[in-house]
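S.K.: So here's protein12.cif (mmCIF, C-alpha atoms).
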data_work
loop_
_atom_site.label_atom_id
_atom_site.label_comp_id
_atom_site.auth_asym_id
_atom_site.auth_seq_id
_atom_site.Cartn_x
_atom_site.Cartn_y
_atom_site.Cartn_z
CA MET S 2 0.97 18.15 -22.71
CA SER S 3 0.07 20.74 -20.09
CA ASP S 4 1.57 20.68 -16.58
CA PRO S 5 0.25 18.21 -14.01
CA ILE S 6 -2.51 19.53 -11.77
CA ILE S 7 -2.13 18.47 -8.13
CA TYR S 8 -5.20 18.54 -5.89
CA ALA S 9 -3.95 18.81 -2.33
CA ASP S 10 -4.33 20.14 1.17
CA ILE S 11 -1.13 20.90 3.08
CA ILE S 12 -2.67 19.36 6.20
CA SER S 13 -2.62 15.91 4.53
CA GLN S 14 0.57 13.88 4.95
CA PRO S 15 0.40 12.14 1.53
CA ALA S 16 -0.39 15.49 -0.13
CA ARG S 17 2.70 17.06 1.48
CA ALA S 18 4.79 14.14 0.21
CA VAL S 19 3.61 14.71 -3.38
CA LEU S 20 4.05 18.51 -3.19
CA SER S 21 7.52 18.12 -1.66
CA TYR S 22 8.46 15.81 -4.52
CA CYS S 23 7.16 18.21 -7.18
CA GLU S 24 9.43 20.87 -5.65
CA ILE S 25 12.43 18.53 -5.47
CA LEU S 26 11.98 17.60 -9.14
CA GLY S 27 11.60 21.26 -10.06
CA LEU S 28 8.37 20.46 -11.92
CA LYS S 29 5.97 23.07 -13.17
CA TYR S 30 2.61 22.12 -11.70
CA THR S 31 -0.69 23.70 -10.88
CA LEU S 32 -1.81 23.39 -7.27
CA ARG S 33 -5.55 23.23 -6.68
CA GLU S 34 -6.25 23.41 -2.98
CA ILE S 35 -9.01 21.15 -1.68
CA ARG S 36 -9.63 21.88 1.99
CA LEU S 37 -10.40 18.68 3.87
CA PHE S 38 -11.79 20.43 6.96
CA ARG S 39 -14.23 22.33 4.74
CA GLY S 40 -15.34 19.05 3.13
CA GLU S 41 -14.23 20.21 -0.31
CA HIS S 42 -13.12 16.64 -1.17
CA LEU S 43 -16.71 15.45 -0.73
CA THR S 44 -18.27 17.65 -3.43
CA GLU S 45 -19.70 16.27 -6.67
CA ASP S 46 -17.22 18.47 -8.58
CA TYR S 47 -14.26 16.84 -6.88
CA LYS S 48 -15.77 13.38 -7.33
CA LYS S 49 -15.61 13.94 -11.10
CA ILE S 50 -11.85 14.42 -10.74
CA SER S 51 -11.07 11.85 -8.05
CA ALA S 52 -13.38 8.83 -7.86
CA THR S 53 -12.03 8.05 -4.40
CA GLN S 54 -12.59 11.63 -3.18
CA THR S 55 -9.23 11.50 -1.46
CA ILE S 56 -6.28 13.89 -1.28
CA PRO S 57 -3.91 14.09 -3.13
CA SER S 58 -4.92 13.40 -6.68
CA MET S 59 -3.29 14.34 -9.96
CA VAL S 60 -4.55 15.08 -13.45
CA HIS S 61 -2.07 15.02 -16.32
CA GLY S 62 -3.54 14.97 -19.81
CA ASN S 63 -6.13 12.18 -19.80
CA LEU S 64 -4.65 10.45 -16.79
CA THR S 65 -6.19 10.82 -13.34
CA LEU S 66 -4.34 9.29 -10.43
CA TYR S 67 -5.12 9.02 -6.76
CA GLU S 68 -2.73 7.38 -4.24
CA SER S 69 0.35 9.48 -3.43
CA HIS S 70 2.87 6.70 -4.09
CA ALA S 71 1.53 6.06 -7.59
CA ILE S 72 1.62 9.80 -8.27
CA MET S 73 5.22 10.08 -7.04
CA SER S 74 6.34 7.10 -9.13
CA TYR S 75 4.68 8.63 -12.21
CA LEU S 76 6.16 12.11 -11.61
CA SER S 77 9.64 10.56 -11.46
CA ASP S 78 9.53 10.08 -15.23
CA LEU S 79 8.77 13.76 -15.83
CA SER S 80 12.16 15.05 -14.65
CA PRO S 81 15.74 13.95 -15.40
CA ILE S 82 16.51 13.78 -11.68
CA GLY S 83 13.53 11.51 -10.97
CA LYS S 84 15.74 8.44 -11.32
CA ASN S 85 17.81 9.62 -8.34
CA TRP S 86 14.69 9.44 -6.18
CA TYR S 87 12.98 6.40 -7.75
CA PRO S 88 15.89 4.35 -9.05
CA GLU S 89 15.66 2.53 -12.38
CA ASP S 90 17.97 -0.28 -11.28
CA ARG S 91 15.78 -3.36 -10.74
CA VAL S 92 17.02 -4.21 -7.26
CA GLN S 93 17.07 -0.62 -5.99
CA ARG S 94 13.56 -0.02 -7.33
CA ALA S 95 12.32 -3.22 -5.69
CA LEU S 96 13.65 -1.97 -2.34
CA VAL S 97 11.79 1.33 -2.78
CA ASP S 98 8.58 -0.44 -3.87
CA CYS S 99 8.90 -2.77 -0.89
CA TYR S 100 8.99 0.22 1.48
CA LEU S 101 6.16 2.05 -0.32
CA HIS S 102 3.81 -0.93 0.03
CA TRP S 103 4.90 -1.72 3.61
CA HIS S 104 4.27 1.95 4.50
CA HIS S 105 0.45 1.70 4.34
CA PHE S 106 -0.17 -0.73 7.21
CA HIS S 107 2.78 0.48 9.25
CA ILE S 108 3.80 4.14 8.91
CA ARG S 109 0.50 5.46 7.50
CA LEU S 110 -1.58 3.38 9.93
CA GLY S 111 0.69 4.19 12.87
CA CYS S 112 0.96 7.94 12.21
CA GLY S 113 -1.75 9.40 9.94
CA ILE S 114 -4.56 7.02 10.89
CA TYR S 115 -3.55 7.21 14.56
CA LEU S 116 -3.76 11.02 14.49
CA PHE S 117 -7.07 10.91 12.62
CA ASN S 118 -8.57 8.56 15.18
CA GLN S 119 -7.23 10.53 18.17
CA PHE S 120 -7.87 14.10 17.05
CA VAL S 121 -10.21 14.24 14.04
CA ALA S 122 -12.65 11.40 14.80
CA PRO S 123 -13.75 13.02 18.12
CA VAL S 124 -14.66 16.19 16.18
CA LEU S 125 -16.35 14.38 13.27
CA TYR S 126 -17.93 11.42 15.07
CA GLY S 127 -17.93 12.51 18.73
CA LYS S 128 -15.32 9.95 19.86
CA SER S 129 -12.17 8.05 19.03
CA SER S 130 -12.02 4.27 19.10
CA ASP S 131 -9.90 2.57 21.80
CA GLU S 132 -9.46 -0.50 19.63
CA ILE S 133 -8.22 1.58 16.69
CA THR S 134 -5.94 3.51 19.06
CA LYS S 135 -4.41 0.21 20.13
CA MET S 136 -4.12 -1.13 16.57
CA THR S 137 -2.48 2.04 15.24
CA SER S 138 -0.15 2.40 18.24
CA ASP S 139 0.99 -1.22 17.88
CA ALA S 140 1.59 -0.68 14.15
CA ARG S 141 3.64 2.43 14.86
CA GLU S 142 5.79 0.78 17.47
CA ASP S 143 6.57 -2.18 15.18
CA ALA S 144 7.26 0.19 12.30
CA PHE S 145 9.51 2.52 14.28
CA ILE S 146 11.57 -0.38 15.67
CA MET S 147 12.09 -1.59 12.10
CA ILE S 148 12.97 1.85 10.68
CA GLU S 149 15.25 2.63 13.62
CA GLY S 150 17.21 -0.55 12.85
CA ILE S 151 17.48 0.19 9.13
CA LEU S 152 18.66 3.77 9.76
CA GLY S 153 21.13 2.38 12.31
CA GLN S 154 22.84 0.50 9.48
CA GLY S 155 23.58 3.82 7.78
CA LEU S 156 20.81 3.25 5.22
CA TYR S 157 17.70 5.23 4.31
CA VAL S 158 14.22 3.89 5.08
CA ALA S 159 13.95 1.76 1.92
CA ARG S 160 17.32 0.10 2.73
CA THR S 161 19.02 2.24 0.06
CA GLN S 162 22.32 4.17 0.22
CA ASN S 163 20.64 7.43 -0.87
CA PRO S 164 17.33 9.09 -0.02
CA THR S 165 14.37 8.14 -2.22
CA ILE S 166 10.67 8.89 -2.51
CA ALA S 167 10.27 6.41 0.37
CA ASP S 168 12.00 8.89 2.70
CA ILE S 169 9.80 11.76 1.48
CA SER S 170 6.63 9.77 2.09
CA CYS S 171 7.80 8.47 5.46
CA TYR S 172 8.92 11.94 6.61
CA ALA S 173 5.56 13.55 5.81
CA GLU S 174 3.86 11.03 8.12
CA VAL S 175 6.38 10.88 10.95
CA VAL S 176 6.89 14.65 11.23
CA SER S 177 3.18 15.04 12.01
CA LEU S 178 3.77 13.28 15.31
CA SER S 179 6.23 15.96 16.39
CA GLN S 180 3.25 18.32 16.32
CA ILE S 181 1.67 16.45 19.24
CA ASN S 182 4.96 16.30 21.16
CA PHE S 183 5.40 12.61 20.45
CA ASP S 184 8.34 11.31 22.44
CA PHE S 185 11.06 10.21 20.02
CA THR S 186 13.61 9.46 22.81
CA LYS S 187 13.52 5.73 22.04
CA TYR S 188 14.29 6.44 18.38
CA PRO S 189 17.47 8.54 18.11
CA ASN S 190 18.17 7.41 14.55
CA ILE S 191 14.69 8.51 13.45
CA LYS S 192 15.25 11.93 15.06
CA THR S 193 18.56 12.39 13.22
CA TRP S 194 17.02 11.20 9.93
CA MET S 195 14.03 13.57 10.35
CA ASN S 196 16.33 16.53 10.76
CA LYS S 197 18.24 15.49 7.62
CA ILE S 198 15.18 14.88 5.42
CA GLY S 199 13.51 18.03 6.73
CA GLU S 200 16.44 20.07 5.38
CA ILE S 201 15.99 18.89 1.77
CA ASP S 202 14.93 21.96 -0.19
CA GLY S 203 11.51 20.91 -1.51
CA VAL S 204 10.61 19.11 1.70
CA LYS S 205 11.57 22.16 3.76
CA LYS S 206 9.61 24.57 1.56
CA ILE S 207 6.36 22.59 1.78
CA HIS S 208 6.68 21.73 5.45
CA GLN S 209 7.43 25.32 6.46
CA ARG S 210 3.96 26.13 5.16
CA PHE S 211 2.54 23.21 7.15
CA PHE S 212 4.32 24.18 10.40
CA LYS S 213 2.98 27.72 10.08
CA LEU S 214 -0.53 26.32 9.74
CA THR S 215 -0.23 24.25 12.87
CA PHE S 216 2.51 24.31 15.51
CA LYS S 217 6.28 24.27 15.56
CA PRO S 218 7.93 20.85 15.32
CA LYS S 219 9.51 19.65 18.55
CA LEU S 220 12.09 16.96 17.94
CA MET N 20 21.84 -16.21 -10.32
CA SER N 21 19.84 -19.05 -8.77
CA ASP N 22 16.04 -19.19 -8.94
CA PRO N 23 13.97 -17.00 -6.60
CA ILE N 24 12.94 -18.64 -3.35
CA ILE N 25 9.36 -17.86 -2.34
CA TYR N 26 8.35 -18.26 1.30
CA ALA N 27 4.61 -18.74 1.37
CA ASP N 28 1.55 -20.38 2.85
CA ILE N 29 -1.31 -21.14 0.48
CA ILE N 30 -3.77 -19.90 3.13
CA SER N 31 -2.41 -16.34 2.75
CA GLN N 32 -4.06 -14.16 0.10
CA PRO N 33 -0.90 -12.19 -0.81
CA ALA N 34 1.10 -15.42 -0.92
CA ARG N 35 -1.41 -16.95 -3.36
CA ALA N 36 -1.13 -13.84 -5.52
CA VAL N 37 2.66 -14.17 -5.73
CA LEU N 38 2.55 -17.93 -6.36
CA SER N 39 -0.14 -17.48 -9.04
CA TYR N 40 2.05 -14.92 -10.75
CA CYS N 41 5.15 -17.16 -10.65
CA GLU N 42 3.05 -19.80 -12.44
CA ILE N 43 1.68 -17.33 -15.00
CA LEU N 44 5.21 -16.14 -15.79
CA GLY N 45 6.41 -19.74 -16.05
CA LEU N 46 9.25 -18.96 -13.63
CA LYS N 47 11.40 -21.59 -12.04
CA TYR N 48 11.19 -20.95 -8.32
CA THR N 49 11.70 -22.76 -5.06
CA LEU N 50 8.71 -22.80 -2.72
CA ARG N 51 9.47 -22.87 0.99
CA GLU N 52 6.28 -23.39 2.92
CA ILE N 53 5.94 -21.39 6.14
CA ARG N 54 2.79 -22.46 7.95
CA LEU N 55 1.13 -19.48 9.59
CA PHE N 56 -1.16 -21.55 11.82
CA ARG N 57 1.88 -23.39 13.16
CA GLY N 58 3.59 -20.06 13.91
CA GLU N 59 6.48 -20.89 11.57
CA HIS N 60 6.70 -17.21 10.52
CA LEU N 61 7.51 -16.26 14.11
CA THR N 62 10.70 -18.32 14.44
CA GLU N 63 14.17 -16.78 14.74
CA ASP N 64 15.19 -18.66 11.59
CA TYR N 65 12.45 -17.01 9.55
CA LYS N 66 13.21 -13.61 11.06
CA LYS N 67 16.71 -13.88 9.57
CA ILE N 68 15.06 -14.16 6.14
CA SER N 69 12.11 -11.77 6.55
CA ALA N 70 12.59 -8.91 9.03
CA THR N 71 8.83 -8.33 9.03
CA GLN N 72 8.10 -12.03 9.70
CA THR N 73 5.28 -11.86 7.18
CA ILE N 74 4.19 -14.06 4.32
CA PRO N 75 5.08 -14.00 1.42
CA SER N 76 8.73 -13.08 1.18
CA MET N 77 11.24 -13.66 -1.57
CA VAL N 78 15.00 -14.19 -1.69
CA HIS N 79 16.79 -13.77 -5.01
CA GLY N 80 20.57 -13.52 -4.85
CA ASN N 81 21.34 -10.90 -2.21
CA LEU N 82 17.88 -9.33 -2.41
CA THR N 83 15.25 -10.05 0.22
CA LEU N 84 11.78 -8.66 -0.35
CA TYR N 85 8.60 -8.73 1.69
CA GLU N 86 5.32 -7.15 0.45
CA SER N 87 3.58 -9.13 -2.28
CA HIS N 88 3.16 -6.18 -4.66
CA ALA N 89 6.86 -5.34 -4.58
CA ILE N 90 7.67 -9.00 -5.19
CA MET N 91 5.26 -9.19 -8.15
CA SER N 92 6.65 -6.00 -9.69
CA TYR N 93 10.19 -7.37 -9.35
CA LEU N 94 9.30 -10.79 -10.79
CA SER N 95 7.81 -9.08 -13.86
CA ASP N 96 11.36 -8.31 -15.04
CA LEU N 97 12.39 -11.96 -14.86
CA SER N 98 10.14 -13.15 -17.70
CA PRO N 99 9.52 -11.81 -21.21
CA ILE N 100 5.76 -11.89 -20.60
CA GLY N 101 6.05 -9.85 -17.40
CA LYS N 102 5.42 -6.64 -19.33
CA ASN N 103 1.96 -7.93 -20.31
CA TRP N 104 1.06 -8.09 -16.62
CA TYR N 105 2.95 -5.06 -15.34
CA PRO N 106 3.02 -2.73 -18.36
CA GLU N 107 6.12 -0.68 -19.18
CA ASP N 108 4.11 2.17 -20.70
CA ARG N 109 4.21 5.07 -18.23
CA VAL N 110 0.47 5.70 -18.09
CA GLN N 111 -0.53 2.04 -17.97
CA ARG N 112 2.02 1.36 -15.23
CA ALA N 113 0.74 4.34 -13.25
CA LEU N 114 -2.79 2.90 -13.39
CA VAL N 115 -1.54 -0.44 -12.09
CA ASP N 116 0.53 1.22 -9.33
CA CYS N 117 -2.50 3.31 -8.40
CA TYR N 118 -4.57 0.16 -7.89
CA LEU N 119 -1.78 -1.66 -6.03
CA HIS N 120 -1.45 1.14 -3.47
CA TRP N 121 -5.21 1.70 -3.17
CA HIS N 122 -5.61 -2.06 -2.55
CA HIS N 123 -4.12 -2.02 0.97
CA PHE N 124 -6.71 0.15 2.75
CA HIS N 125 -9.60 -1.06 0.61
CA ILE N 126 -9.44 -4.61 -0.73
CA ARG N 127 -6.87 -6.00 1.73
CA LEU N 128 -8.51 -4.24 4.68
CA GLY N 129 -12.03 -5.16 3.55
CA CYS N 130 -11.30 -8.81 2.76
CA GLY N 131 -8.13 -10.23 4.39
CA ILE N 132 -8.14 -8.11 7.53
CA TYR N 133 -11.92 -8.52 7.87
CA LEU N 134 -11.56 -12.32 7.73
CA PHE N 135 -8.65 -12.26 10.17
CA ASN N 136 -10.64 -10.19 12.66
CA GLN N 137 -13.79 -12.31 12.29
CA PHE N 138 -12.34 -15.80 12.21
CA VAL N 139 -8.68 -15.85 13.32
CA ALA N 140 -8.67 -13.22 16.10
CA PRO N 141 -11.28 -15.16 18.16
CA VAL N 142 -8.98 -18.20 18.09
CA LEU N 143 -5.75 -16.26 18.78
CA TYR N 144 -7.04 -13.55 21.12
CA GLY N 145 -10.38 -14.92 22.32
CA LYS N 146 -12.51 -12.33 20.48
CA SER N 147 -12.97 -10.20 17.42
CA SER N 148 -13.29 -6.42 17.59
CA ASP N 149 -16.66 -4.85 16.72
CA GLU N 150 -14.96 -1.58 15.75
CA ILE N 151 -12.55 -3.36 13.42
CA THR N 152 -15.47 -5.34 11.97
CA LYS N 153 -17.20 -2.05 11.17
CA MET N 154 -14.06 -0.42 9.76
CA THR N 155 -13.22 -3.39 7.52
CA SER N 156 -16.83 -3.85 6.38
CA ASP N 157 -17.09 -0.15 5.46
CA ALA N 158 -13.79 -0.35 3.55
CA ARG N 159 -15.02 -3.40 1.65
CA GLU N 160 -18.32 -1.84 0.68
CA ASP N 161 -16.62 1.32 -0.63
CA ALA N 162 -14.04 -0.76 -2.47
CA PHE N 163 -16.57 -3.12 -4.05
CA ILE N 164 -18.76 -0.24 -5.26
CA MET N 165 -15.69 1.28 -6.91
CA ILE N 166 -14.48 -1.97 -8.50
CA GLU N 167 -18.00 -2.87 -9.65
CA GLY N 168 -18.14 0.46 -11.49
CA ILE N 169 -14.73 0.05 -13.12
CA LEU N 170 -15.55 -3.49 -14.27
CA GLY N 171 -18.89 -2.19 -15.58
CA GLN N 172 -16.96 0.01 -18.02
CA GLY N 173 -15.45 -3.12 -19.58
CA LEU N 174 -12.10 -2.52 -17.85
CA TYR N 175 -10.03 -4.58 -15.43
CA VAL N 176 -9.58 -3.50 -11.80
CA ALA N 177 -6.67 -1.12 -12.48
CA ARG N 178 -8.72 0.64 -15.21
CA THR N 179 -6.71 -1.21 -17.90
CA GLN N 180 -7.91 -2.95 -21.07
CA ASN N 181 -6.13 -6.19 -20.16
CA PRO N 182 -5.65 -8.09 -16.90
CA THR N 183 -2.60 -7.13 -14.83
CA ILE N 184 -0.98 -8.06 -11.54
CA ALA N 185 -3.65 -5.84 -9.96
CA ASP N 186 -6.30 -8.41 -10.94
CA ILE N 187 -4.23 -11.28 -9.56
CA SER N 188 -3.77 -9.52 -6.23
CA CYS N 189 -7.41 -8.44 -6.03
CA TYR N 190 -8.69 -11.92 -6.94
CA ALA N 191 -6.64 -13.64 -4.21
CA GLU N 192 -8.34 -11.41 -1.62
CA VAL N 193 -11.89 -11.35 -2.97
CA VAL N 194 -12.12 -15.09 -3.63
CA SER N 195 -11.50 -15.74 0.06
CA LEU N 196 -14.90 -14.22 0.82
CA SER N 197 -16.64 -16.84 -1.31
CA GLN N 198 -15.41 -19.35 1.25
CA ILE N 199 -17.65 -17.80 3.90
CA ASN N 200 -20.61 -17.64 1.53
CA PHE N 201 -20.32 -13.88 1.16
CA ASP N 202 -23.30 -12.59 -0.80
CA PHE N 203 -22.06 -11.15 -4.09
CA THR N 204 -25.60 -10.49 -5.42
CA LYS N 205 -25.05 -6.71 -5.32
CA TYR N 206 -21.89 -7.10 -7.38
CA PRO N 207 -22.65 -9.00 -10.61
CA ASN N 208 -19.63 -7.53 -12.41
CA ILE N 209 -17.31 -8.73 -9.65
CA LYS N 210 -18.83 -12.23 -9.88
CA THR N 211 -18.26 -12.38 -13.63
CA TRP N 212 -14.72 -11.00 -13.26
CA MET N 213 -13.89 -13.55 -10.53
CA ASN N 214 -14.94 -16.41 -12.77
CA LYS N 215 -12.76 -15.02 -15.57
CA ILE N 216 -9.63 -14.40 -13.45
CA GLY N 217 -10.09 -17.73 -11.67
CA GLU N 218 -9.78 -19.51 -15.04
CA ILE N 219 -6.31 -18.06 -15.80
CA ASP N 220 -3.94 -21.03 -15.73
CA GLY N 221 -1.55 -20.04 -12.92
CA VAL N 222 -4.33 -18.57 -10.81
CA LYS N 223 -6.42 -21.72 -11.23
CA LYS N 224 -3.54 -24.05 -10.36
CA ILE N 225 -2.68 -22.27 -7.09
CA HIS N 226 -6.28 -21.69 -6.04
CA GLN N 227 -7.28 -25.30 -6.67
CA ARG N 228 -4.78 -26.19 -3.95
CA PHE N 229 -6.32 -23.52 -1.71
CA PHE N 230 -9.92 -24.65 -2.29
CA LYS N 231 -8.93 -28.23 -1.43
CA LEU N 232 -7.44 -27.01 1.85
CA THR N 233 -10.58 -25.17 2.82
CA PHE N 234 -14.02 -25.28 1.17
CA LYS N 235 -15.40 -25.04 -2.31
CA PRO N 236 -15.92 -21.53 -3.67
CA LYS N 237 -19.58 -20.50 -3.86
CA LEU N 238 -20.11 -17.60 -6.24
#
Can you present the structure in this file as structure tokens?
M.R.:
Amino acid sequence: MSDPIIYADIISQPARAVLSYCEILGLKYTLREIRLFRGEHLTEDYKKISATQTIPSMVHGNLTLYESHAIMSYLSDLSPIGKNWYPEDRVQRALVDCYLHWHHFHIRLGCGIYLFNQFVAPVLYGKSSDEITKMTSDAREDAFIMIEGILGQGLYVARTQNPTIADISCYAEVVSLSQINFDFTKYPNIKTWMNKIGEIDGVKKIHQRFFKLTFKPKL
Amino acid sequence: MSDPIIYADIISQPARAVLSYCEILGLKYTLREIRLFRGEHLTEDYKKISATQTIPSMVHGNLTLYESHAIMSYLSDLSPIGKNWYPEDRVQRALVDCYLHWHHFHIRLGCGIYLFNQFVAPVLYGKSSDEITKMTSDAREDAFIMIEGILGQGLYVARTQNPTIADISCYAEVVSLSQINFDFTKYPNIKTWMNKIGEIDGVKKIHQRFFKLTFKPKL
């Protein structure tokens, strides 16, 4: 089978998570850039590839996947080191799955959706929503308190002893906040963890491209 | 190891999905009822079990899981028929995972969170939010158009040939709308699918208890 094709934009948190993971796994893949701010995800051509018209998506043989976490789980089987990042042990995998599902209404809502509402919605729709600001800020605070506690036990974000795809996904979201000078003072364990995850080779490579596009991270 | 303990309230969509799946798998499990409307999920005792204080959660040996989809994935390994509902084949599993992650910001947001905002928030907080009503309604319409199309190809919601845990999770959310006389006229495939999934033994058993608690489903 040919290499997976990843449709992505480095500006997107879930896309950076998938690209970071491709690099970590040392996979051969084809990157097709779909620029969100140019509306390239909204074209009829892209709709034929991704029914949801979201970023990232993946095509591998006859399989088309959207949703970054499903893509990362699938890619794990394509490399011998995938099982280090998405463990095969039933209990360890359950812990990672538990994080990956919890992520959507907590880390994704509190970081990516918060940033979208604050900074993109005013450009696209003329305003942000105060109620969505409150909802996303509340979600982030709850989520950060939880993660801070887990990291404080010497664990990674999915309550595992070693880093997993959960950390890659979480990092891609949380690091975006450093771009708006988010104050991490209340979360020293998250700051330490971000520095550690940000130094992982594939994560560093992809995020260096992202930081160049935008600002420098301030942690 | 002793049987899994499931903490649940039949009023909760994700809890009904997990309980339906326990029944389908024929698992021995202990049900501990945690009544949301009595605030039993907010007690210190429950916080010791579920750090997120959400419903459902599961304890099995030393493992504690929240997030219904992670629980359902884990339970699949406890029964020989689990692989029928959460396939082991890499591509089939990826399709199911893709649905399960997509579900949160589409089906869960458009059904469960919509209902919470419309009917529970006014009781708890004195009002619902118009902006959240719009956001959840938009998510539901997008999601239903997508699901209607997939079902129209003769597939189940995760684009599989056979029903999976994706259908159980989706059903538990969508059927709640029938309780408020939601108009499914635009979605004939979803109506037909709901009738089919609702007849699956474990799903029927759990939802009969739910319908008795509330109203009769009107499809």
S.K.: Set the distance at 12 Å and use all atoms listed in the file: which residues neighbour Tyr172 in chain S once local chain neighbours fewer than 3 positions away are removed? I'd like the list as an MDAnalysis selection string.
M.R.: chainID S and resid 14:15 17:19 21:22 104 108:109 112:113 148 157:158 164:169 175:179 191:201 204:205 207:208
S.K.: Report the distance between CA of Phe230 in chain N and CA of Ser92 in chain N in Å, rounded to one decimal place.
M.R.: 26.0 Å
S.K.: For the file shown, what are the residues hit by the PyMOL selection byres ((chain N) within 9 of (chain S)), laid out as a PyMOL selection string?
M.R.: chain N and resi 70-71+82-90+92-93+96+109-110+112-121+123-124+148-151+161+165
S.K.: Got a sec to resolve the PyMOL selection byres ((chain S and resi 2) around 9) on this structure and send the residues as number ranges by chain?
M.R.: S: 3-5, 61-62
S.K.: Work out how far apart CA of Trp86 in chain S and CA of Ala16 in chain S are and give it in Å to one decimal.
M.R.: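 Those two atoms sit 17.3 Å apart.
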S.K.: Which is closer to Gly221 in chain N than all the others in N:Leu143, N:Ile100, N:Leu134, N:Ile43, using all atoms listed in the file?
M.R.: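 Among the listed residues, N:Ile43 lies closest to Gly221 in chain N.
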S.K.: In Å, rounded to a single decimal, give me how far CA of Tyr115 in chain S is from CA of Arg141 in chain S.
M.R.: 8.6 Å
S.K.: Translate the PyMOL selection byres ((chain N and resi 72) around 10) into a concrete residue list for this structure, as a list in words.
M.R.: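 Listing what the PyMOL selection byres ((chain N and resi 72) around 10) selects in the shown file: Glu59, His60, Leu61, Thr62, Glu63, Asp64, Tyr65, Lys66, Lys67, Ile68, Ser69, Ala70, Thr71, Thr73, Ile74, Pro75, Ser76 and Tyr85 of chain N.
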S.K.: List the neighbours of range 187-189 of chain S out to 9 Å using all atoms listed in the file; skip same-chain residues closer than 6 positions along the sequence, and give me the result as a VMD selection string.
M.R.: chain S and resid 145 to 146 149
S.K.: So, counting only C-alpha atoms, which residue among N:Arg57, N:Gly171, N:Tyr48, N:Glu160 is closest to Ile24 in chain N?
M.R.: N:Tyr48
S.K.: Tell me which of S:Ser170, S:Ser77, S:Thr31, S:Ser129 sits closest to Phe117 in chain S, counting all atoms listed in the file.
M.R.: S:Ser129
S.K.: From the list N:Leu44, N:Asp28, N:Thr152, N:Asn103, which residue is nearest Gly58 in chain N when using all atoms listed in the file?
M.R.: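 Among the listed residues, N:Asp28 lies closest to Gly58 in chain N.
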S.K.: I'd like to know which of N:Ile25, N:Glu52, N:Gln198, N:Cys41 is closest to Lys224 in chain N, using all atoms listed in the file.
M.R.: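 Answer, going by the shortest atom-to-atom distance: N:Cys41.
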